[in-house]
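Engineer: File input_8.cif follows (mmCIF, C-alpha atoms):
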```cif
data_my_file
#
loop_
_atom_site.label_atom_id
_atom_site.label_comp_id
_atom_site.auth_asym_id
_atom_site.auth_seq_id
_atom_site.Cartn_x
_atom_site.Cartn_y
_atom_site.Cartn_z
CA MET A 245 0.00 0.00 0.00
CA PHE A 246 1.41 3.38 -0.86
CA THR A 247 0.42 6.88 -1.85
CA ASN A 248 0.26 6.54 -5.65
CA MET A 249 -1.94 3.48 -5.44
CA VAL A 250 -4.33 5.12 -3.01
CA LYS A 251 -4.68 7.95 -5.51
CA ARG A 252 -5.27 5.66 -8.48
CA LEU A 253 -6.89 2.50 -7.23
CA SER A 254 -10.28 1.97 -5.60
CA VAL A 255 -11.91 -0.95 -3.84
CA GLY A 256 -12.88 -3.65 -6.29
CA PHE A 257 -10.57 -2.18 -8.95
CA LEU A 258 -10.76 -4.19 -12.19
CA TRP A 259 -9.01 -3.68 -15.49
CA LEU A 260 -9.99 -5.54 -18.64
CA VAL A 261 -7.26 -5.43 -21.26
CA LEU A 262 -7.41 -6.99 -24.69
CA LEU A 263 -3.82 -7.74 -25.63
CA THR A 264 -3.07 -6.97 -29.26
CA ALA A 265 0.67 -7.62 -29.19
CA ALA A 266 1.70 -10.69 -31.14
CA PRO A 267 4.54 -12.13 -28.99
CA THR A 268 2.46 -14.16 -26.55
CA ALA A 269 2.50 -17.87 -25.90
CA TRP A 270 -1.26 -17.98 -26.46
CA ALA A 271 -1.52 -16.21 -29.83
CA SER A 272 -0.49 -18.24 -32.84
CA SER A 273 2.15 -16.71 -35.13
CA ASP A 274 4.30 -17.90 -38.00
CA LYS A 275 7.01 -15.38 -37.21
CA LYS A 276 10.26 -16.96 -36.04
CA PRO A 277 11.52 -15.27 -32.85
CA SER A 278 14.89 -13.55 -32.95
CA ASN A 279 17.74 -14.79 -30.79
CA GLN A 280 17.14 -11.88 -28.43
CA GLU A 281 13.42 -12.68 -28.16
CA ALA A 282 14.14 -16.37 -27.63
CA GLU A 283 16.59 -15.54 -24.83
CA LEU A 284 14.01 -13.28 -23.18
CA VAL A 285 11.41 -16.06 -23.28
CA ARG A 286 13.94 -18.53 -21.85
CA GLN A 287 14.76 -16.19 -18.95
CA LEU A 288 11.12 -15.45 -18.21
CA ASP A 289 10.21 -19.13 -18.40
CA GLN A 290 12.67 -19.81 -15.57
CA ASN A 291 10.56 -17.54 -13.36
CA LEU A 292 7.28 -19.28 -14.24
CA LYS A 293 5.59 -22.21 -12.50
CA LEU A 294 2.36 -23.76 -13.76
CA GLU A 295 -0.04 -26.36 -12.42
CA THR A 296 -3.05 -27.86 -14.17
CA LEU A 297 -6.40 -27.39 -12.44
CA GLN A 298 -9.61 -29.37 -12.49
CA ILE A 299 -12.29 -26.68 -12.63
CA PRO A 300 -15.91 -27.66 -11.83
CA GLY A 301 -18.15 -26.80 -14.78
CA ALA A 302 -15.31 -26.43 -17.29
CA PRO A 303 -15.76 -28.38 -20.57
CA LEU A 304 -13.98 -31.71 -20.85
CA GLY A 305 -10.60 -31.36 -22.49
CA SER A 306 -10.19 -27.66 -21.66
CA LEU A 307 -6.82 -26.60 -20.27
CA ASN A 308 -7.06 -24.61 -17.04
CA GLU A 309 -3.96 -23.59 -15.13
CA ARG A 310 -2.75 -21.70 -12.09
CA GLY A 311 0.57 -19.98 -12.45
CA VAL A 312 3.03 -18.17 -10.21
CA PHE A 313 5.41 -15.72 -11.82
CA SER A 314 8.44 -14.50 -9.90
CA ALA A 315 8.90 -10.81 -10.71
CA PRO A 316 11.41 -8.28 -9.39
CA ALA A 317 9.96 -5.99 -6.74
CA ASN A 318 11.56 -3.21 -8.78
CA ARG A 319 12.84 -3.95 -12.30
CA SER A 320 15.52 -1.28 -11.98
CA ARG A 321 17.00 -3.55 -9.28
CA PRO A 322 16.92 -6.99 -10.98
CA ASN A 323 19.02 -8.61 -8.24
CA GLY A 324 16.82 -7.32 -5.42
CA GLU A 325 13.68 -8.66 -3.77
CA ARG A 326 11.23 -10.69 -5.88
CA ILE A 327 7.44 -10.91 -5.70
CA ALA A 328 5.31 -13.96 -6.51
CA ILE A 329 2.53 -12.88 -8.90
CA GLU A 330 -0.38 -15.32 -9.07
CA PHE A 331 -2.39 -15.75 -12.26
CA PHE A 332 -4.89 -18.17 -13.80
CA ARG A 333 -5.28 -19.20 -17.42
CA PHE A 334 -8.47 -20.68 -18.85
CA SER A 335 -8.29 -21.97 -22.41
CA ARG A 336 -10.65 -20.87 -25.16
CA LEU A 337 -13.62 -23.03 -26.12
CA PRO A 338 -13.38 -24.96 -29.43
CA SER A 339 -15.89 -22.57 -31.01
CA ALA A 340 -13.66 -19.52 -30.34
CA ASP A 341 -11.67 -17.91 -33.16
CA GLU A 342 -8.03 -18.93 -32.74
CA ALA A 343 -6.87 -15.61 -34.19
CA THR A 344 -8.37 -13.64 -31.29
CA PRO A 345 -5.67 -12.50 -28.82
CA PRO A 346 -6.03 -13.56 -25.20
CA ILE A 347 -8.05 -11.46 -22.78
CA VAL A 348 -6.21 -10.36 -19.65
CA ILE A 349 -7.96 -9.24 -16.49
CA LEU A 350 -5.82 -7.52 -13.87
CA ARG A 351 -7.66 -7.89 -10.59
CA GLY A 352 -6.95 -6.32 -7.25
CA GLY A 353 -7.47 -3.30 -5.07
CA PRO A 354 -7.41 -2.72 -1.32
CA GLY A 355 -8.72 -5.80 0.46
CA TYR A 356 -8.83 -8.04 -2.64
CA PRO A 357 -7.94 -11.59 -1.48
CA GLY A 358 -7.23 -13.22 -4.86
CA LEU A 359 -9.35 -15.94 -6.48
CA GLY A 360 -8.46 -18.44 -3.77
CA GLY A 361 -11.15 -21.07 -3.27
CA ALA A 362 -13.57 -19.34 -5.66
CA ILE A 363 -12.40 -21.58 -8.50
CA ASP A 364 -13.75 -24.62 -6.63
CA ASP A 365 -17.26 -23.22 -6.70
CA PRO A 366 -19.28 -25.10 -9.37
CA ALA A 367 -20.82 -21.79 -10.46
CA PHE A 368 -17.49 -20.00 -10.88
CA TYR A 369 -16.69 -21.13 -14.43
CA ASN A 370 -20.12 -20.38 -15.87
CA ARG A 371 -20.45 -17.09 -14.00
CA SER A 372 -16.96 -15.62 -14.41
CA VAL A 373 -15.09 -17.48 -17.15
CA ARG A 374 -17.27 -18.92 -19.90
CA ARG A 375 -18.29 -15.60 -21.45
CA PHE A 376 -14.61 -14.88 -22.07
CA THR A 377 -13.52 -18.35 -23.23
CA GLN A 378 -16.26 -18.16 -25.87
CA LEU A 379 -14.03 -15.49 -27.44
CA SER A 380 -10.47 -16.44 -26.52
CA ASP A 381 -8.14 -17.57 -23.74
CA ILE A 382 -8.55 -15.60 -20.52
CA ILE A 383 -5.71 -14.85 -18.11
CA ILE A 384 -6.60 -13.42 -14.69
CA VAL A 385 -3.59 -11.75 -13.06
CA GLY A 386 -3.48 -10.70 -9.41
CA GLN A 387 -2.14 -7.19 -8.86
CA ARG A 388 1.14 -7.10 -6.97
CA GLY A 389 0.58 -6.11 -3.37
CA PHE A 390 -2.86 -7.68 -2.96
CA GLY A 391 -4.10 -11.06 -1.80
CA SER A 392 -2.13 -14.00 -3.15
CA SER A 393 0.29 -11.72 -5.06
CA GLY A 394 2.27 -10.45 -2.06
CA ASP A 395 -0.42 -9.04 0.22
CA THR A 396 0.36 -5.67 1.81
CA PRO A 397 -2.63 -4.80 4.01
CA CYS A 398 -2.68 -1.45 5.76
CA PRO A 399 -3.77 -1.94 9.37
CA LEU A 400 -3.05 1.70 10.21
CA LYS A 401 -6.08 3.04 8.37
CA SER A 402 -8.41 4.54 10.98
CA GLU A 403 -12.15 4.14 11.25
CA VAL A 404 -14.32 7.11 10.39
CA SER A 405 -17.30 8.62 12.10
CA PHE A 406 -20.68 8.86 10.40
CA GLN A 407 -20.23 12.60 9.88
CA GLU A 408 -17.02 12.06 7.88
CA VAL A 409 -18.33 9.45 5.43
CA ASP A 410 -19.23 11.89 2.66
CA GLU A 411 -16.30 14.25 3.13
CA GLU A 412 -14.14 13.29 0.14
CA GLU A 413 -11.28 15.65 0.92
CA GLU A 414 -10.91 14.35 4.47
CA ARG A 415 -11.18 10.75 3.27
CA GLN A 416 -8.38 11.24 0.75
CA ALA A 417 -6.16 12.94 3.32
CA ARG A 418 -6.79 10.11 5.80
CA ASN A 419 -5.97 7.49 3.15
CA ARG A 420 -2.77 9.27 2.15
CA LYS A 421 -1.65 9.50 5.76
CA ALA A 422 -2.34 5.78 6.31
CA ALA A 423 -0.59 4.81 3.07
CA VAL A 424 2.55 6.75 3.98
CA ALA A 425 2.60 5.17 7.45
CA CYS A 426 2.05 1.65 6.09
CA ARG A 427 4.71 2.07 3.45
CA ALA A 428 7.16 3.14 6.15
CA LEU A 429 6.14 0.11 8.23
CA TYR A 430 6.82 -2.37 5.40
CA SER A 431 10.06 -0.62 4.45
CA LYS A 432 11.22 -0.95 8.05
CA GLN A 433 10.51 -4.70 7.78
CA GLY A 434 12.85 -4.87 4.78
CA ARG A 435 10.27 -4.88 1.99
CA ASP A 436 11.19 -3.00 -1.20
CA MET A 437 8.10 -0.84 -1.75
CA SER A 438 9.51 1.21 -4.62
CA GLY A 439 8.06 -1.08 -7.29
CA TYR A 440 4.43 -1.19 -6.16
CA ASN A 441 3.10 1.01 -8.94
CA ILE A 442 1.08 0.96 -12.16
CA ALA A 443 4.12 0.71 -14.46
CA GLU A 444 5.43 -2.41 -12.71
CA MET A 445 1.95 -3.98 -12.82
CA ALA A 446 1.84 -3.43 -16.59
CA ASP A 447 5.27 -5.07 -16.91
CA ASP A 448 4.02 -8.03 -14.83
CA VAL A 449 1.23 -8.61 -17.36
CA ALA A 450 3.56 -8.18 -20.36
CA GLU A 451 6.15 -10.61 -18.99
CA ILE A 452 3.55 -13.22 -18.03
CA ALA A 453 2.14 -12.99 -21.57
CA THR A 454 5.60 -13.36 -23.11
CA ALA A 455 6.55 -16.26 -20.84
#
```
Take the structure from the file and write it as structure tokens.

Structural biologist:
Amino acid sequence: MFTNMVKRLSVGFLWLVLLTAAPTAWASSDKKPSNQEAELVRQLDQNLKLETLQIPGAPLGSLNERGVFSAPANRSRPNGERIAIEFFRFSRLPSADEATPPIVILRGGPGYPGLGGAIDDPAFYNRSVRRFTQLSDIIIVGQRGFGSSGDTPCPLKSEVSFQEVDEEEERQARNRKAAVACRALYSKQGRDMSGYNIAEMADDVAEIATA
């Protein structure tokens, strides 16, 4: 938790991004990768762990996976602390157009716990996945700093009185104060908080797609 994220993110924050870049493991391409691209994929693949999941309600033969990607806490310090970024991949249905790029959902926000046991709910696939797999593969990525992707809760945020609920200016000031205090708390514990920002989250998605 830190100041920039408090300014930009809200509870239940959800991004839906349709990737149009070609160099992903899920989009078919006849282009032969360059030596530099191949080396990048090899390096990223070393930071990737996948396990196959049995998802209630998913069609027989569909490939559904949970992945953990080890990303630098700050990419300007590649030899520093690393963060485990959790993601899920659900394969497209046979009726989907293979030329459609994968759909990536970046989920998170203050208090977001990650998918966790939700995937074991028989209604989960039909409610949250099928409408996407009718179009393409779907990859759900957990934002760094929330839930199963390196949770950083902020216990220093104070409760508010009824009179303060609708005072936006005071609410923002209170959130900023709590974010600064929590960032200092995690930094004191040895956590590298410098990479918990929007740019690093975008790089997480790009590297997971490439790997």

Engineer: Got a sec: who's within 12 Å of Leu379 in chain A, counting only C-alpha atoms, leaving out chain neighbours fewer than 4 positions off, as a PyMOL selection string?

Structural biologist: chain A and resi 262+334-347+373-375

Engineer: In Å, rounded to a single decimal, give me how far CA of Val285 in chain A is from CA of Glu451 in chain A.

Structural biologist: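 CA of Glu451 in chain A sits 8.7 Å away from CA of Val285 in chain A.
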
Engineer: Quick one: which residues end up in the PyMOL selection byres ((chain A and resi 364-371) around 10) for this structure, as JSON, numbers by chain?

Structural biologist: {"A": [297, 298, 299, 300, 301, 302, 303, 334, 359, 360, 361, 362, 363, 372, 373, 374, 375, 376, 377]}

Engineer: Starting from the displayed file, determine the output of the PyMOL selection byres ((chain A and resi 314) around 6) and express the residue list as a PyMOL selection string.

Structural biologist: chain A and resi 291+313+315+327-328

Engineer: I need the residue nearest Ser392 in chain A from this list: A:Ile442, A:Leu307, A:Val312, A:Ala423. Use only C-alpha atoms for the distance.

Structural biologist: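 Result for the nearest residue to Ser392 in chain A: A:Val312.
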
Engineer: Of the candidates A:Asp395, A:Glu309, A:Asp447, A:Glu414, which one gets nearest to Tyr356 in chain A if we count all atoms listed in the file?

Structural biologist: A:Asp395

Engineer: Determine, counting all atoms listed in the file, which protein, DNA and RNA residues have an atom within 12 Å of an atom of Ala446 in chain A; residues of the same chain fewer than 5 positions away are not included. Present the result as a ChimeraX atom specification.

Structural biologist: /A:259,261,263,315,319,348-350,385-388,439-441,451-453

Engineer: May I ask for the distance between CA of Ile383 in chain A and CA of Asn318 in chain A, given in Å to one decimal place?

Structural biologist: 22.8 Å

Engineer: If you measure from CA of Ala428 in chain A to CA of Gly352 in chain A, what distance in Å do you get, rounded to one decimal?

Structural biologist: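 So the answer is 21.6 Å.
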
Engineer: I'd like the neighbourhood of Glu295 in chain A as a count of residues only, where a residue qualifies if any of its atoms comes within 9 Å (using all atoms listed in the file), though same-chain residues fewer than 4 positions away should be ignored.

Structural biologist: 4

Engineer: Find, counting all atoms listed in the file, the residue in A:Met437, A:Ala455, A:Leu429, A:Ala450 that gets nearest to Ala317 in chain A.

Structural biologist: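 For Ala317 in chain A, the nearest of the given residues is A:Met437.
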
Engineer: For Arg435 in chain A, which residue among A:Pro399, A:Gly305, A:Gly324, A:Pro357 is the nearest when counting all atoms listed in the file?

Structural biologist: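 For Arg435 in chain A, the nearest of the given residues is A:Gly324.
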